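*Asks:* Just so it is clear, I am handing over coords-v4.txt, which has compact mmCIF, C-alpha atoms.
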```
# COMPACT_ATOMS: atom_id res chain seq x y z
CA MET A 28 -15.27 5.62 -62.42
CA ALA A 29 -12.47 3.62 -60.77
CA ARG A 30 -13.23 0.97 -58.22
CA ASN A 31 -12.08 1.29 -54.63
CA PHE A 32 -8.73 -0.02 -53.47
CA LYS A 33 -7.87 -1.26 -49.98
CA PRO A 34 -4.67 -0.32 -48.12
CA TYR A 35 -2.95 -2.67 -45.70
CA MET A 36 -0.48 -1.93 -42.96
CA ILE A 37 2.25 -4.57 -42.73
CA THR A 38 0.52 -6.41 -39.88
CA GLN A 39 -2.80 -6.37 -41.74
CA PHE A 40 -1.11 -7.67 -44.88
CA GLN A 41 0.43 -10.51 -42.89
CA SER A 42 -2.95 -11.49 -41.44
CA PHE A 43 -4.59 -11.34 -44.87
CA ILE A 44 -1.96 -13.55 -46.52
CA HIS A 45 -1.88 -16.08 -43.68
CA THR A 46 -5.63 -16.72 -44.06
CA LEU A 47 -5.51 -16.78 -47.86
CA ASP A 48 -6.65 -19.94 -49.66
CA LEU A 49 -5.64 -19.70 -53.32
CA LYS A 50 -6.56 -22.15 -56.04
CA ARG A 51 -3.88 -20.75 -58.34
CA LYS A 52 -0.38 -22.21 -57.89
CA ILE A 53 2.22 -19.58 -57.00
CA ASN A 54 5.82 -20.17 -58.13
CA HIS A 55 7.45 -16.73 -58.13
CA ILE A 56 7.25 -13.13 -56.89
CA GLN A 57 7.72 -10.27 -59.35
CA ILE A 58 9.35 -6.98 -58.28
CA HIS A 59 8.66 -3.82 -60.31
CA HIS A 60 8.83 -0.06 -59.97
CA THR A 61 6.38 2.33 -61.57
CA TRP A 62 9.02 4.75 -62.95
CA GLU A 63 6.00 7.01 -63.35
CA PRO A 64 4.33 7.96 -61.07
CA ARG A 65 7.33 8.89 -58.93
CA LYS A 66 7.34 8.80 -55.15
CA SER A 67 6.85 12.57 -55.18
CA ASP A 68 3.66 12.13 -57.24
CA TYR A 69 1.98 9.81 -54.74
CA LYS A 70 -1.43 11.02 -53.50
CA GLY A 71 -2.89 7.96 -51.80
CA GLU A 72 -5.71 5.98 -53.37
CA SER A 73 -6.10 8.44 -56.25
CA THR A 74 -2.65 7.39 -57.51
CA ILE A 75 -3.65 3.72 -57.50
CA ALA A 76 -6.91 4.60 -59.27
CA SER A 77 -4.97 6.50 -61.94
CA MET A 78 -2.88 3.40 -62.65
CA TRP A 79 -6.06 1.33 -62.81
CA ARG A 80 -7.53 3.71 -65.38
CA TYR A 81 -4.36 3.62 -67.47
CA HIS A 82 -4.20 -0.17 -67.41
CA THR A 83 -7.88 -0.69 -68.22
CA GLU A 84 -8.69 2.27 -70.48
CA THR A 85 -5.38 2.80 -72.31
CA ARG A 86 -3.80 -0.65 -72.21
CA GLY A 87 -7.15 -2.46 -72.50
CA TRP A 88 -6.52 -4.86 -69.63
CA GLN A 89 -9.38 -6.25 -67.54
CA ASP A 90 -7.91 -4.87 -64.32
CA ILE A 91 -4.86 -3.17 -62.87
CA GLY A 92 -1.75 -5.16 -63.77
CA GLN A 93 -0.26 -5.69 -60.30
CA HIS A 94 -1.59 -7.60 -57.32
CA PHE A 95 -0.12 -5.12 -54.83
CA THR A 96 1.28 -1.60 -54.94
CA VAL A 97 3.76 -0.52 -52.26
CA ALA A 98 3.52 3.19 -51.53
CA PRO A 99 6.16 5.60 -50.17
CA ASP A 100 4.23 5.88 -46.87
CA GLY A 101 4.52 2.13 -46.26
CA LEU A 102 0.97 1.19 -47.18
CA ILE A 103 0.41 -1.88 -49.35
CA TRP A 104 -2.54 -1.34 -51.71
CA ASP A 105 -4.47 -4.25 -53.16
CA GLY A 106 -5.07 -4.65 -56.88
CA ARG A 107 -5.67 -7.48 -59.33
CA SER A 108 -7.33 -10.63 -58.00
CA LEU A 109 -4.74 -13.05 -56.65
CA GLU A 110 -6.52 -15.82 -58.54
CA LYS A 111 -5.37 -14.18 -61.80
CA ASP A 112 -1.84 -14.05 -63.22
CA PRO A 113 -0.35 -10.54 -63.26
CA ALA A 114 0.26 -8.39 -66.32
CA GLY A 115 3.87 -7.76 -65.44
CA ILE A 116 6.42 -9.59 -67.62
CA THR A 117 5.44 -10.66 -71.10
CA GLY A 118 5.66 -14.43 -71.35
CA TYR A 119 6.60 -14.94 -67.68
CA ASN A 120 3.44 -14.18 -65.71
CA ARG A 121 2.05 -17.64 -65.00
CA GLY A 122 2.19 -18.41 -61.30
CA GLY A 123 3.40 -14.97 -60.32
CA ILE A 124 2.43 -12.50 -57.64
CA MET A 125 3.35 -8.98 -58.70
CA PHE A 126 4.49 -6.05 -56.56
CA GLU A 127 4.66 -2.56 -58.04
CA MET A 128 6.70 -0.12 -55.96
CA ILE A 129 5.77 3.52 -56.52
CA GLY A 130 8.87 5.43 -57.56
CA ASN A 131 11.67 5.80 -60.09
CA PHE A 132 14.54 3.80 -58.64
CA ASP A 133 17.00 4.23 -61.48
CA GLN A 134 20.40 5.51 -60.34
CA GLY A 135 20.37 9.24 -59.65
CA GLU A 136 16.60 9.34 -59.23
CA GLU A 137 14.64 8.25 -56.13
CA THR A 138 15.71 5.84 -53.38
CA LEU A 139 13.93 2.78 -52.04
CA GLU A 140 14.23 3.29 -48.30
CA GLY A 141 12.48 3.68 -44.96
CA LYS A 142 8.80 2.80 -44.65
CA GLN A 143 8.50 1.70 -48.27
CA LEU A 144 11.51 -0.60 -48.03
CA ASP A 145 10.20 -2.08 -44.78
CA ALA A 146 6.83 -2.77 -46.42
CA ILE A 147 8.12 -4.50 -49.57
CA ILE A 148 10.63 -6.62 -47.62
CA ALA A 149 8.04 -7.67 -45.02
CA ALA A 150 5.46 -8.44 -47.72
CA VAL A 151 7.91 -10.54 -49.74
CA ARG A 152 8.91 -12.49 -46.63
CA VAL A 153 5.27 -13.27 -45.86
CA LEU A 154 4.70 -14.61 -49.39
CA LEU A 155 7.89 -16.68 -49.39
CA SER A 156 6.72 -18.36 -46.20
CA LYS A 157 3.11 -18.75 -47.31
CA PHE A 158 3.93 -20.43 -50.63
CA ASN A 159 7.10 -22.28 -49.57
CA LEU A 160 9.29 -20.27 -51.95
CA SER A 161 12.94 -19.27 -51.68
CA THR A 162 14.73 -16.05 -52.59
CA ASN A 163 15.62 -17.75 -55.89
CA ASP A 164 11.92 -17.35 -56.74
CA ILE A 165 12.08 -13.55 -56.54
CA VAL A 166 12.11 -12.15 -60.09
CA PHE A 167 13.15 -8.66 -61.21
CA HIS A 168 11.31 -7.41 -64.30
CA ARG A 169 14.59 -6.67 -66.08
CA GLU A 170 15.65 -10.33 -65.91
CA HIS A 171 13.19 -11.02 -68.74
CA SER A 172 13.01 -7.62 -70.43
CA ALA A 173 15.15 -4.81 -71.82
CA LYS A 174 13.71 -2.50 -69.14
CA THR A 175 15.68 -1.32 -66.09
CA CYS A 176 12.75 -2.21 -63.78
CA PRO A 177 12.71 -2.19 -60.76
CA GLY A 178 15.43 0.42 -61.23
CA THR A 179 19.19 0.43 -61.82
CA GLY A 180 19.62 1.77 -58.28
CA ILE A 181 18.41 -1.58 -56.93
CA THR A 182 20.69 -4.57 -57.41
CA ARG A 183 19.36 -8.08 -57.06
CA ASP A 184 22.06 -9.03 -54.53
CA TRP A 185 21.25 -6.03 -52.34
CA PHE A 186 17.51 -6.70 -52.46
CA LEU A 187 17.87 -10.40 -51.62
CA ASN A 188 20.19 -9.52 -48.76
CA GLU A 189 17.53 -7.13 -47.41
CA VAL A 190 14.92 -9.90 -47.65
CA LYS A 191 17.18 -12.24 -45.70
CA ASN A 192 18.60 -9.89 -43.10
CA ARG A 193 16.76 -6.57 -42.77
CA LYS A 194 15.28 -5.72 -39.38
CA ILE A 195 11.87 -4.24 -40.02
CA MET A 196 11.18 -0.90 -38.31
CA GLU A 197 8.80 -1.13 -35.35
CA LEU A 198 5.38 -0.07 -36.53
CA ASN A 199 4.37 3.27 -35.11
CA PRO A 200 1.54 4.96 -37.02
CA ASN A 201 2.47 8.35 -35.54
CA SER A 202 5.83 8.17 -37.35
CA TYR A 203 4.20 7.93 -40.76
CA ASP A 204 3.65 10.90 -43.04
CA ASN A 205 -0.07 10.45 -43.66
CA ALA A 206 -1.28 10.21 -40.07
CA ASP A 207 -4.99 10.55 -40.93
CA GLN A 208 -4.75 7.62 -43.37
CA TRP A 209 -3.22 5.43 -40.65
CA LYS A 210 -5.79 6.56 -38.10
CA ARG A 211 -8.58 5.61 -40.52
CA ILE A 212 -7.08 2.16 -41.10
CA ALA A 213 -6.78 1.58 -37.34
CA ILE A 214 -10.39 2.66 -36.72
CA ASP A 215 -11.66 0.49 -39.57
CA TRP A 216 -9.85 -2.47 -38.00
CA LEU A 217 -11.75 -1.94 -34.74
CA TYR A 218 -15.03 -2.18 -36.65
CA GLU A 219 -13.90 -5.17 -38.73
CA GLU A 220 -13.00 -7.06 -35.55
CA GLY A 221 -16.33 -6.20 -33.94
CA LEU A 222 -14.66 -4.26 -31.13
CA ILE A 223 -16.73 -1.16 -31.97
CA SER A 224 -20.17 -1.31 -33.56
CA ALA A 225 -21.71 2.19 -33.25
CA GLU A 226 -21.24 4.01 -36.58
CA ASP A 227 -21.21 7.50 -35.01
CA TRP A 228 -17.55 7.33 -34.00
CA LYS A 229 -16.43 6.83 -37.61
CA ASP A 230 -17.28 10.47 -38.35
CA ASN A 231 -14.61 11.92 -36.06
CA ILE A 232 -11.51 9.74 -35.86
CA ASN A 233 -9.77 12.18 -33.49
CA LYS A 234 -12.56 12.12 -30.88
CA GLY A 235 -11.82 10.01 -27.82
CA LEU A 236 -14.11 7.21 -26.69
CA PRO A 237 -15.96 7.65 -23.38
CA LEU A 238 -14.71 5.48 -20.53
CA TRP A 239 -17.61 3.03 -20.80
CA ALA A 240 -16.87 2.49 -24.52
CA GLU A 241 -13.17 1.88 -23.84
CA ALA A 242 -14.18 -0.65 -21.20
CA LEU A 243 -16.49 -2.36 -23.71
CA VAL A 244 -13.66 -2.64 -26.25
CA LEU A 245 -11.40 -4.17 -23.61
CA LYS A 246 -14.13 -6.62 -22.60
CA ARG A 247 -14.63 -7.72 -26.20
CA ILE A 248 -10.87 -8.23 -26.61
CA TYR A 249 -10.89 -10.28 -23.38
CA ASP A 250 -13.83 -12.38 -24.62
CA LYS A 251 -12.07 -13.00 -27.96
CA ALA A 252 -8.90 -14.08 -26.15
CA LYS A 253 -10.85 -16.60 -24.05
CA SER A 254 -12.75 -18.11 -26.97
```
I'd like the structure from this file rewritten - as structure tokens, please.
*Replies:*
Amino acid sequence: MARNFKPYMITQFQSFIHTLDLKRKINHIQIHHTWEPRKSDYKGESTIASMWRYHTETRGWQDIGQHFTVAPDGLIWDGRSLEKDPAGITGYNRGGIMFEMIGNFDQGEETLEGKQLDAIIAAVRVLLSKFNLSTNDIVFHREHSAKTCPGTGITRDWFLNEVKNRKIMELNPNSYDNADQWKRIAIDWLYEEGLISAEDWKDNINKGLPLWAEALVLKRIYDKAKS
């Protein structure tokens, strides 16, 4: 049975990385695409779990190969421990953090765009800043392999230009395809931050809080801001 995987919105990913304290030295960021599964095959966590099973049961690896998987809906799923080198590019993994983008981005196939493009660009920017790297430290799989990865439809110059200049879409969970997934992430954040403690409200994410509970959340936010 596959282990659980955690999804991050862009803002959550930023907060996670900013508080990260790694012992492993990071010297590059790897960019990959899955080829299979395609964007059209994506089914949330079950897709990530399927990759985990393939990597561990078929390939015989100890864990999923990538540190993060960027989904078509803009979620960034966690993966291999960041204290371990990725299983991404034979002979070139030491010091790397690996992103796997779900999709086949070879020319004539699928397109890296929208929410998914926003997520990978934002995530790469966060890591460049965190580990004092430059765009020269971004590595495409095909630079050290006969593969086309991360897809012949993605040129290095275009991708680096997006990292440098792209304006990230304003986050609006209601604009995303999987609204229930985003609602669940938002509710879980309220519990993680201690703004809500009663477990009953987790059972119906579409049920509104009573006025007294909304006031309590606001008070806890106010108390956090003062401390």
*Asks:* Report the distance between atom CA of Pro34 of chain A and atom CA of Pro99 of chain A in Å, rounded to one decimal place.
*Replies:*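 Separation of atom CA of Pro34 of chain A and atom CA of Pro99 of chain A: 12.5 Å.
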*Asks:* At what distance in Å, to one decimal, does atom CA of Arg30 of chain A lie from atom CA of Leu222 of chain A?
*Replies:* 27.6 Å
*Asks:* Suppose you want the space between atom CA of Thr162 of chain A and atom CA of Gln41 of chain A; what is it in Å?
*Replies:*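 Atom-to-atom, atom CA of Thr162 of chain A and atom CA of Gln41 of chain A are spaced 18.1 Å apart.
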*Asks:* Quick one: residues within 10 Å of Leu47 of chain A, only C-alpha atoms, excluding same-chain residues fewer than 5 positions away - as a PyMOL selection string?
*Replies:* chain A and resi 41-42+109+157
*Asks:* Using all atoms listed in the file, which residues sit within 10 Å of Gly141 of chain A once same-chain residues fewer than 6 positions away are excluded, as JSON, numbers by chain?
*Replies:* {"A": [99, 100, 101, 195, 196]}
*Asks:* At a cut-off of 12 Å, using all atoms listed in the file, what residues contact Tyr81 of chain A? Leave out same-chain residues fewer than 5 positions from it and give the result as a ChimeraX atom specification.
*Replies:* /A:29,63-64,74-76,86-92
*Asks:* Here is a test: counting only C-alpha atoms, which residue of A:Asn54, A:Gln134, A:Ser254, A:Asn120 is nearest to His168 of chain A?
*Replies:*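 Using only C-alpha atoms, the shortest distance to His168 of chain A belongs to A:Asn120.
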*Asks:* Can you tell me, as a CSV table (one decimal) with C-alpha atoms, in the coordinates of the input, which residues sit within 12 Å of (-0.7, -18.5, -57.5) in the file's frame, using all atoms listed in the file?
*Replies:*
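Saved file result-v1.csv follows:
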```csv
chain,number,residue,atom,x,y,z
A,47,LEU,CA,-5.5,-16.8,-47.9
A,48,ASP,CA,-6.6,-19.9,-49.7
A,49,LEU,CA,-5.6,-19.7,-53.3
A,50,LYS,CA,-6.6,-22.2,-56.0
A,51,ARG,CA,-3.9,-20.8,-58.3
A,52,LYS,CA,-0.4,-22.2,-57.9
A,53,ILE,CA,2.2,-19.6,-57.0
A,54,ASN,CA,5.8,-20.2,-58.1
A,55,HIS,CA,7.4,-16.7,-58.1
A,56,ILE,CA,7.2,-13.1,-56.9
A,57,GLN,CA,7.7,-10.3,-59.4
A,94,HIS,CA,-1.6,-7.6,-57.3
A,108,SER,CA,-7.3,-10.6,-58.0
A,109,LEU,CA,-4.7,-13.0,-56.6
A,110,GLU,CA,-6.5,-15.8,-58.5
A,111,LYS,CA,-5.4,-14.2,-61.8
A,112,ASP,CA,-1.8,-14.0,-63.2
A,113,PRO,CA,-0.4,-10.5,-63.3
A,120,ASN,CA,3.4,-14.2,-65.7
A,121,ARG,CA,2.0,-17.6,-65.0
A,122,GLY,CA,2.2,-18.4,-61.3
A,123,GLY,CA,3.4,-15.0,-60.3
A,124,ILE,CA,2.4,-12.5,-57.6
A,125,MET,CA,3.4,-9.0,-58.7
A,154,LEU,CA,4.7,-14.6,-49.4
A,155,LEU,CA,7.9,-16.7,-49.4
A,157,LYS,CA,3.1,-18.8,-47.3
A,158,PHE,CA,3.9,-20.4,-50.6
A,159,ASN,CA,7.1,-22.3,-49.6
A,160,LEU,CA,9.3,-20.3,-52.0
```
*Asks:* Taking the point (11.3, -0.9, -59.5) as given in the file, collect each protein or nucleic acid residue that comes within 8 Å of it, counting all atoms listed in the file, and present the set as a PDB file with C-alpha atoms, in the frame of the given file.
*Replies:*
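Output file point_32.pdb follows:
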```pdb
ATOM      1  CA  ILE A  58       9.350  -6.980 -58.280  1.00  0.00           C
ATOM      2  CA  HIS A  59       8.660  -3.820 -60.310  1.00  0.00           C
ATOM      3  CA  HIS A  60       8.830  -0.060 -59.970  1.00  0.00           C
ATOM      4  CA  THR A  61       6.380   2.330 -61.570  1.00  0.00           C
ATOM      5  CA  TRP A  62       9.020   4.750 -62.950  1.00  0.00           C
ATOM      6  CA  GLU A 127       4.660  -2.560 -58.040  1.00  0.00           C
ATOM      7  CA  MET A 128       6.700  -0.120 -55.960  1.00  0.00           C
ATOM      8  CA  ILE A 129       5.770   3.520 -56.520  1.00  0.00           C
ATOM      9  CA  GLY A 130       8.870   5.430 -57.560  1.00  0.00           C
ATOM     10  CA  ASN A 131      11.670   5.800 -60.090  1.00  0.00           C
ATOM     11  CA  PHE A 132      14.540   3.800 -58.640  1.00  0.00           C
ATOM     12  CA  ASP A 133      17.000   4.230 -61.480  1.00  0.00           C
ATOM     13  CA  THR A 175      15.680  -1.320 -66.090  1.00  0.00           C
ATOM     14  CA  CYS A 176      12.750  -2.210 -63.780  1.00  0.00           C
ATOM     15  CA  PRO A 177      12.710  -2.190 -60.760  1.00  0.00           C
ATOM     16  CA  GLY A 178      15.430   0.420 -61.230  1.00  0.00           C
ATOM     17  CA  ILE A 181      18.410  -1.580 -56.930  1.00  0.00           C
TER      18      ILE A 181
END
```
*Asks:* May I have the residues within 10 Å of His171 of chain A as a PDB file with C-alpha atoms, in the coordinates of the input, using all atoms listed in the file and disregarding those fewer than 3 positions away in the same chain?
*Replies:*
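This went into out.pdb:
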```pdb
ATOM      1  CA  ILE A 116       6.420  -9.590 -67.620  1.00  0.00           C
ATOM      2  CA  THR A 117       5.440 -10.660 -71.100  1.00  0.00           C
ATOM      3  CA  GLY A 118       5.660 -14.430 -71.350  1.00  0.00           C
ATOM      4  CA  TYR A 119       6.600 -14.940 -67.680  1.00  0.00           C
ATOM      5  CA  VAL A 166      12.110 -12.150 -60.090  1.00  0.00           C
ATOM      6  CA  PHE A 167      13.150  -8.660 -61.210  1.00  0.00           C
ATOM      7  CA  HIS A 168      11.310  -7.410 -64.300  1.00  0.00           C
ATOM      8  CA  LYS A 174      13.710  -2.500 -69.140  1.00  0.00           C
TER       9      LYS A 174
END
```
*Asks:* Considering only C-alpha atoms, state which residue in the set A:Phe126, A:Asn233, A:Trp239, A:Arg247 is at the smallest distance from Tyr218 of chain A.
*Replies:*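 Looking at the shortest contact to Tyr218 of chain A, the residue is A:Arg247.
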*Asks:* So, counting all atoms listed in the file, which residue among A:Met36, A:Leu238, A:Met78, A:Ile248 is closest to Asp215 of chain A?
*Replies:* A:Met36
